[in-house]
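Only one structure is covered here, and it is reproduced in the block below.
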Amino acid sequence: MEYQKSSHPLQQISTGEILSIHAYTFTGSTSGATIYLQANLHGPEILGTAILGKLITRLEQANDIPGKVIIVPCANPIGVNAVGYNALVGRWNLHNGTNWNRIFTNHLAWKNLEEQKNYYQSKLTQSNLSIEKKLGATLKLLSWEATHVIDIHTAGSQSVPHLFTFEDSSQIFSYLGSKVHLILTKEYASGAFDESHVLPFIDTLPKDIIPKVCTWEVHNHSEIDNSVVLERFQQLWNCLSYIWGNEKKLEMHEPSMFLANNATHLVAPVAGYYSWQKQIGTNIKIDEVYATVYQPWHNQTLSIKAEREFILLGKYGIDAIAEGEQIGWIVYL
Ligand SMILES: [Zn+2]
């Protein structure tokens, strides 16, 4: 298939070069879903960019698709260029600490998608426009007419594939193959990209025309593992095939569903050098030891036990840590 490639200037840096967002739009000959996919909104979360590269190649080889597919392989060139001491560190804008996935509007109510488009178009013409508002408006204008949105992220230094979605979209995105679904609700609202396509319409539009959205946490940060890229691409293709109505050949795996409100960061109960005793994906029961902690100031090692039962979804990979700082991503049972 042929496609249109468009470039959207985002930020001129101090030496004059311009960072841009690139979008690939494949338009089929028959009507159907408008599927918007993006990756790398958070700088260290690069694997999705490679997965979407495979999707572009696959669609180039396709004869036709129903509807439209819009692909933004790198949603945040500022974030991915933020590096420090062998690490990608652009989860936040390093200038001001803003989390790049908390910049979207979800507190307003719009009666139709056009109103949303007009809102973001007017944002782009405002004076005193912050780069967060410019990035937010640019991505929303690329995705404003989407019926389906898949925002690809990664989590931790190791993580179990999981995704965030609303309850009525869980079945569609189960074809992505993640075993854990964290269910978003109105109360969870945080300013993330996924929910910004739903919450402003939740009281104004019929359920069946509100976009179906998910944030898909595909693997761990800062790594391109080719075998994982291939596996996730196949899962993504399964999900797109389902949306396109080719579901008969597919096998769907029932995910475990939890309220996103029950997912949280696990923090270090004591300071020291942590050594995990459990693997990601493990269900850890009350009083089970999940880590040992070496405390060098008195040369002792403590065992850390779970105070509540949880599933360990991800490890953050900083082994020497102060009390109360984040060490993992969990969901309480
Ligand atoms: Zn992320």
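Residues in the structure tokens are named by chain (A, B, ... in the order shown) and by number from 1 within that chain; ligands are numbered from 1 in the order shown.
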Output as a tab-separated table one row per residue of region 45-132 of chain A within 10 Å of region 196-202 of chain A: the closest atom pair and its distance in Å to one decimal place, counting only C-alpha atoms, sorted by chain and residue number ascending.
residue	atom	partner	partner_atom	distance
A:Arg102	CA	A:Ser196	CA	9.9
A:Ile103	CA	A:Ser196	CA	9.6
A:Phe104	CA	A:Ser196	CA	6.1
A:Thr105	CA	A:Ser196	CA	5.8
A:Asn106	CA	A:Ser196	CA	4.9
A:His107	CA	A:Pro200	CA	6.4
A:Leu108	CA	A:Pro200	CA	5.3
A:Ala109	CA	A:Pro200	CA	4.4
A:Trp110	CA	A:Pro200	CA	5.8
A:Lys111	CA	A:Phe201	CA	6.8
A:Asn112	CA	A:Phe201	CA	7.5
A:Leu113	CA	A:Phe201	CA	8.6
A:Gln116	CA	A:Pro200	CA	8.6
Could those selected residues go to a file with all heavy atoms, as a compact mmCIF listing (two decimals), in the first residue's frame?
# COMPACT_ATOMS: atom_id res chain seq x y z
N ARG A 102 1.59 13.16 31.27
CA ARG A 102 0.59 13.80 32.14
C ARG A 102 0.28 15.19 31.61
O ARG A 102 0.01 16.10 32.36
CB ARG A 102 1.13 13.89 33.58
CG ARG A 102 1.47 12.57 34.22
CD ARG A 102 0.23 11.72 34.53
NE ARG A 102 0.59 10.46 35.17
CZ ARG A 102 0.92 9.36 34.52
NH1 ARG A 102 0.93 9.33 33.18
NH2 ARG A 102 1.24 8.26 35.18
N ILE A 103 0.33 15.34 30.29
CA ILE A 103 0.20 16.68 29.69
C ILE A 103 -1.11 16.84 28.92
O ILE A 103 -1.30 17.84 28.25
CB ILE A 103 1.39 16.96 28.74
CG1 ILE A 103 1.43 15.97 27.58
CG2 ILE A 103 2.71 16.95 29.51
CD1 ILE A 103 2.53 16.26 26.54
N PHE A 104 -2.00 15.84 29.02
CA PHE A 104 -3.20 15.85 28.17
C PHE A 104 -4.44 16.26 28.98
O PHE A 104 -4.50 16.04 30.18
CB PHE A 104 -3.38 14.48 27.52
CG PHE A 104 -2.18 14.10 26.69
CD1 PHE A 104 -1.17 13.30 27.22
CD2 PHE A 104 -2.03 14.57 25.39
CE1 PHE A 104 -0.05 12.97 26.48
CE2 PHE A 104 -0.91 14.25 24.65
CZ PHE A 104 0.09 13.45 25.19
N THR A 105 -5.40 16.83 28.28
CA THR A 105 -6.59 17.37 28.93
C THR A 105 -7.65 16.29 29.10
O THR A 105 -7.98 15.60 28.13
CB THR A 105 -7.17 18.49 28.03
OG1 THR A 105 -6.15 19.48 27.88
CG2 THR A 105 -8.40 19.11 28.63
N ASN A 106 -8.14 16.12 30.30
CA ASN A 106 -9.26 15.19 30.47
C ASN A 106 -10.33 15.74 31.39
O ASN A 106 -11.28 15.05 31.72
CB ASN A 106 -8.77 13.83 30.96
CG ASN A 106 -7.98 13.93 32.22
OD1 ASN A 106 -8.24 14.80 33.04
ND2 ASN A 106 -7.00 13.06 32.40
N HIS A 107 -10.21 17.00 31.78
CA HIS A 107 -11.18 17.55 32.73
C HIS A 107 -12.30 18.33 32.03
O HIS A 107 -13.24 18.76 32.68
CB HIS A 107 -10.47 18.46 33.73
CG HIS A 107 -9.85 19.67 33.09
ND1 HIS A 107 -8.66 19.59 32.39
CD2 HIS A 107 -10.26 20.95 33.01
CE1 HIS A 107 -8.37 20.79 31.92
NE2 HIS A 107 -9.32 21.64 32.28
N LEU A 108 -12.20 18.50 30.70
CA LEU A 108 -13.24 19.23 29.97
C LEU A 108 -14.27 18.25 29.41
O LEU A 108 -14.02 17.05 29.37
CB LEU A 108 -12.61 20.04 28.83
CG LEU A 108 -11.60 21.11 29.26
CD1 LEU A 108 -10.98 21.77 28.06
CD2 LEU A 108 -12.26 22.14 30.16
N ALA A 109 -15.41 18.79 29.00
CA ALA A 109 -16.44 17.94 28.37
C ALA A 109 -16.74 18.50 26.99
O ALA A 109 -17.01 19.70 26.85
CB ALA A 109 -17.70 17.92 29.22
N TRP A 110 -16.64 17.64 25.98
CA TRP A 110 -16.94 18.04 24.60
C TRP A 110 -18.09 17.21 24.07
O TRP A 110 -18.20 16.03 24.39
CB TRP A 110 -15.70 17.84 23.71
CG TRP A 110 -14.57 18.76 24.05
CD1 TRP A 110 -14.60 20.12 24.10
CD2 TRP A 110 -13.22 18.39 24.38
NE1 TRP A 110 -13.35 20.62 24.45
CE2 TRP A 110 -12.49 19.58 24.61
CE3 TRP A 110 -12.55 17.17 24.49
CZ2 TRP A 110 -11.14 19.60 24.96
CZ3 TRP A 110 -11.20 17.17 24.82
CH2 TRP A 110 -10.51 18.37 25.06
N LYS A 111 -18.91 17.84 23.20
CA LYS A 111 -20.08 17.13 22.68
C LYS A 111 -19.76 16.31 21.43
O LYS A 111 -20.51 15.46 21.01
CB LYS A 111 -21.20 18.11 22.36
CG LYS A 111 -21.83 18.69 23.63
CD LYS A 111 -22.98 19.62 23.28
CE LYS A 111 -23.22 20.67 24.36
NZ LYS A 111 -22.12 21.63 24.53
N ASN A 112 -18.63 16.61 20.82
CA ASN A 112 -18.24 15.82 19.64
C ASN A 112 -16.73 15.96 19.44
O ASN A 112 -16.06 16.79 20.09
CB ASN A 112 -19.01 16.27 18.39
CG ASN A 112 -18.90 17.77 18.19
OD1 ASN A 112 -17.79 18.28 18.11
ND2 ASN A 112 -20.02 18.46 18.13
N LEU A 113 -16.21 15.15 18.51
CA LEU A 113 -14.76 15.12 18.30
C LEU A 113 -14.25 16.44 17.69
O LEU A 113 -13.12 16.85 17.93
CB LEU A 113 -14.39 13.94 17.40
CG LEU A 113 -14.66 12.54 17.98
CD1 LEU A 113 -14.30 11.47 16.96
CD2 LEU A 113 -13.88 12.29 19.26
N GLN A 116 -13.16 18.92 20.23
CA GLN A 116 -11.83 18.58 20.74
C GLN A 116 -10.75 19.07 19.78
O GLN A 116 -9.75 19.67 20.19
CB GLN A 116 -11.73 17.08 20.92
CG GLN A 116 -10.32 16.59 21.21
CD GLN A 116 -10.27 15.09 21.38
OE1 GLN A 116 -9.85 14.61 22.41
NE2 GLN A 116 -10.68 14.35 20.39
Select from chain A every residue with an atom at most 8 Å from any atom of ligand 1, then for each give the shortest pair of atoms and their distance in Å to one decimal, using only C-alpha atoms and all ligand atoms, rows by chain and rising number, as CSV.
residue,atom,partner,partner_atom_place_in_ligand_line,distance
A:Asn40,CA,ligand 1,1 (Zn),7.4
A:Leu41,CA,ligand 1,1 (Zn),6.6
A:His42,CA,ligand 1,1 (Zn),4.9
A:Glu45,CA,ligand 1,1 (Zn),6.3
A:Arg91,CA,ligand 1,1 (Zn),7.0
A:Asn101,CA,ligand 1,1 (Zn),7.0
A:Ile152,CA,ligand 1,1 (Zn),7.7
A:His153,CA,ligand 1,1 (Zn),4.5
A:Thr154,CA,ligand 1,1 (Zn),5.6
A:Ala155,CA,ligand 1,1 (Zn),6.6
A:Glu217,CA,ligand 1,1 (Zn),7.5
Using 8 Å as the limit and counting only C-alpha atoms, can you tabulate each residue of region 148-264 of chain A that touches region 54-70 of chain A, with its shortest atom-to-atom distance in Å and the two atoms involved, as a Markdown table?
| residue | atom | partner | partner_atom | distance |
| --- | --- | --- | --- | --- |
| A:Phe233 | CA | A:Lys54 | CA | 6.8 |
| A:Trp237 | CA | A:Leu55 | CA | 7.8 |
| A:Trp244 | CA | A:Pro66 | CA | 6.5 |
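Residues of region 206-256 of chain A carrying a DSSP assignment of helix (DSSP H, G or I), computed from the backbone, are Lys207, Asp208, Ile209, Asn226, Ser227, Val228, Val229, Leu230, Glu231, Arg232, Phe233, Gln234, Gln235, Leu236, Trp237, Asn238, Cys239, Leu240, Ser241, Tyr242, Ile243, Glu247, Lys248 and Lys249 of chain A.
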Identify, on the basis of only C-alpha atoms, every residue whose closest approach to Leu302 (chain A) does not exceed 7 Å; exclude the query and any residue fewer than 4 positions from it along the same chain; express the result as an mmCIF file with N, CA, C and O atoms, in the first residue's frame.
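Output below, filename out_8.cif:
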data_model
loop_
_atom_site.group_PDB
_atom_site.id
_atom_site.type_symbol
_atom_site.label_atom_id
_atom_site.label_comp_id
_atom_site.auth_asym_id
_atom_site.auth_seq_id
_atom_site.Cartn_x
_atom_site.Cartn_y
_atom_site.Cartn_z
ATOM 1 N N THR A 292 16.050 -9.184 49.830
ATOM 2 C CA THR A 292 16.939 -8.996 50.974
ATOM 3 C C THR A 292 17.652 -7.661 50.761
ATOM 4 O O THR A 292 17.821 -7.208 49.629
ATOM 5 N N VAL A 293 18.031 -7.032 51.891
ATOM 6 C CA VAL A 293 18.611 -5.691 51.814
ATOM 7 C C VAL A 293 19.893 -5.644 52.625
ATOM 8 O O VAL A 293 19.875 -5.851 53.850
ATOM 9 N N TYR A 294 20.970 -5.400 51.953
ATOM 10 C CA TYR A 294 22.263 -5.244 52.635
ATOM 11 C C TYR A 294 22.412 -3.795 53.073
ATOM 12 O O TYR A 294 22.261 -2.877 52.261
#
Exercise. What's the 10 Å shell around Gln158 (chain A), counting only C-alpha atoms, without same-chain residues fewer than 6 positions away, as a PyMOL selection string?
Worked result: chain A and resi 219-221+279-280+313-317+328-329
Write the selection just made, keeping N, CA, C and O atoms, as a PDB file, in the first residue's frame?
ATOM      1  N   HIS A 219       7.328  -4.256  27.412  1.00  0.00           N
ATOM      2  CA  HIS A 219       8.576  -4.908  27.839  1.00  0.00           C
ATOM      3  C   HIS A 219       9.254  -3.957  28.813  1.00  0.00           C
ATOM      4  O   HIS A 219       8.592  -3.133  29.440  1.00  0.00           O
ATOM      5  N   ASN A 220      10.598  -4.014  28.887  1.00  0.00           N
ATOM      6  CA  ASN A 220      11.295  -3.081  29.786  1.00  0.00           C
ATOM      7  C   ASN A 220      11.924  -1.922  29.008  1.00  0.00           C
ATOM      8  O   ASN A 220      12.016  -1.944  27.779  1.00  0.00           O
ATOM      9  N   HIS A 221      12.370  -0.940  29.751  1.00  0.00           N
ATOM     10  CA  HIS A 221      12.911   0.283  29.144  1.00  0.00           C
ATOM     11  C   HIS A 221      14.247   0.053  28.429  1.00  0.00           C
ATOM     12  O   HIS A 221      14.995  -0.884  28.752  1.00  0.00           O
ATOM     13  N   GLN A 279      10.730 -13.356  41.121  1.00  0.00           N
ATOM     14  CA  GLN A 279      10.717 -12.977  39.703  1.00  0.00           C
ATOM     15  C   GLN A 279       9.499 -12.115  39.389  1.00  0.00           C
ATOM     16  O   GLN A 279       8.480 -12.209  40.077  1.00  0.00           O
ATOM     17  N   ILE A 280       9.596 -11.325  38.321  1.00  0.00           N
ATOM     18  CA  ILE A 280       8.417 -10.585  37.864  1.00  0.00           C
ATOM     19  C   ILE A 280       7.316 -11.574  37.463  1.00  0.00           C
ATOM     20  O   ILE A 280       7.600 -12.688  37.009  1.00  0.00           O
ATOM     21  N   LEU A 313       4.683  -6.721  39.005  1.00  0.00           N
ATOM     22  CA  LEU A 313       4.592  -6.491  37.551  1.00  0.00           C
ATOM     23  C   LEU A 313       5.909  -6.011  36.962  1.00  0.00           C
ATOM     24  O   LEU A 313       6.196  -6.252  35.784  1.00  0.00           O
ATOM     25  N   GLY A 314       6.702  -5.282  37.762  1.00  0.00           N
ATOM     26  CA  GLY A 314       7.951  -4.763  37.211  1.00  0.00           C
ATOM     27  C   GLY A 314       8.961  -4.434  38.294  1.00  0.00           C
ATOM     28  O   GLY A 314       8.595  -4.151  39.439  1.00  0.00           O
ATOM     29  N   LYS A 315      10.244  -4.510  37.919  1.00  0.00           N
ATOM     30  CA  LYS A 315      11.346  -4.105  38.807  1.00  0.00           C
ATOM     31  C   LYS A 315      12.012  -2.884  38.192  1.00  0.00           C
ATOM     32  O   LYS A 315      12.181  -2.834  36.969  1.00  0.00           O
ATOM     33  N   TYR A 316      12.398  -1.924  39.028  1.00  0.00           N
ATOM     34  CA  TYR A 316      12.919  -0.668  38.483  1.00  0.00           C
ATOM     35  C   TYR A 316      14.442  -0.642  38.296  1.00  0.00           C
ATOM     36  O   TYR A 316      14.958   0.260  37.653  1.00  0.00           O
ATOM     37  N   GLY A 317      15.144  -1.584  38.905  1.00  0.00           N
ATOM     38  CA  GLY A 317      16.545  -1.755  38.531  1.00  0.00           C
ATOM     39  C   GLY A 317      17.543  -0.836  39.215  1.00  0.00           C
ATOM     40  O   GLY A 317      18.701  -0.774  38.800  1.00  0.00           O
ATOM     41  N   GLY A 328       9.627  -0.836  42.479  1.00  0.00           N
ATOM     42  CA  GLY A 328       8.924  -1.756  41.581  1.00  0.00           C
ATOM     43  C   GLY A 328       7.511  -1.284  41.302  1.00  0.00           C
ATOM     44  O   GLY A 328       7.029  -0.276  41.836  1.00  0.00           O
ATOM     45  N   TRP A 329       6.837  -2.017  40.408  1.00  0.00           N
ATOM     46  CA  TRP A 329       5.470  -1.712  39.973  1.00  0.00           C
ATOM     47  C   TRP A 329       4.640  -2.940  40.293  1.00  0.00           C
ATOM     48  O   TRP A 329       5.004  -4.048  39.870  1.00  0.00           O
TER      49      TRP A 329
END
Problem set entry | 12 Å contact set for Ile286 (chain A), only C-alpha atoms, chain neighbours under 2 positions out, as a ChimeraX atom specification | /A:283-284,288-290,304-311,332-333
Give me, as a Markdown table, each residue of region 145-175 of chain A that comes within 9 Å of region 31-39 of chain A, together with its shortest interatomic pair and the distance in Å at one decimal, counting only C-alpha atoms, with rows ordered by chain and rising residue number.
| residue | atom | partner | partner_atom | distance |
| --- | --- | --- | --- | --- |
| A:Glu145 | CA | A:Thr34 | CA | 7.0 |
| A:Ala146 | CA | A:Thr34 | CA | 4.8 |
| A:Thr147 | CA | A:Thr34 | CA | 5.2 |
| A:His148 | CA | A:Ile35 | CA | 4.7 |
| A:Val149 | CA | A:Tyr36 | CA | 4.9 |
| A:Ile150 | CA | A:Leu37 | CA | 4.8 |
| A:Asp151 | CA | A:Gln38 | CA | 5.1 |
| A:Ile152 | CA | A:Ala39 | CA | 4.6 |
| A:His153 | CA | A:Ala39 | CA | 6.3 |
Could you take the residues named above and write them with N, CA, C and O atoms, as a CSV table (one decimal), in the first residue's frame?
chain,number,residue,atom,x,y,z
A,145,GLU,N,-9.4,12.0,15.3
A,145,GLU,CA,-10.5,11.2,14.7
A,145,GLU,C,-10.4,9.7,14.8
A,145,GLU,O,-11.1,8.9,14.2
A,146,ALA,N,-9.5,9.3,15.7
A,146,ALA,CA,-9.2,7.8,15.9
A,146,ALA,C,-10.4,7.2,16.6
A,146,ALA,O,-11.0,7.7,17.5
A,147,THR,N,-10.8,6.0,16.1
A,147,THR,CA,-11.8,5.2,16.8
A,147,THR,C,-11.1,4.2,17.7
A,147,THR,O,-11.7,3.7,18.7
A,148,HIS,N,-9.8,3.9,17.5
A,148,HIS,CA,-9.0,3.1,18.3
A,148,HIS,C,-7.6,3.7,18.5
A,148,HIS,O,-7.0,4.2,17.5
A,149,VAL,N,-7.1,3.7,19.7
A,149,VAL,CA,-5.8,4.3,20.1
A,149,VAL,C,-5.0,3.3,20.8
A,149,VAL,O,-5.4,2.7,21.8
A,150,ILE,N,-3.7,3.0,20.3
A,150,ILE,CA,-2.8,2.1,21.1
A,150,ILE,C,-1.5,2.9,21.3
A,150,ILE,O,-0.8,3.3,20.4
A,151,ASP,N,-1.3,3.2,22.6
A,151,ASP,CA,-0.1,4.0,23.0
A,151,ASP,C,0.9,3.1,23.6
A,151,ASP,O,0.6,2.5,24.6
A,152,ILE,N,2.0,2.8,22.9
A,152,ILE,CA,3.0,1.8,23.4
A,152,ILE,C,4.0,2.4,24.3
A,152,ILE,O,4.7,3.3,24.0
A,153,HIS,N,4.1,1.7,25.5
A,153,HIS,CA,5.1,2.1,26.5
A,153,HIS,C,5.9,0.9,26.9
A,153,HIS,O,5.7,-0.2,26.5
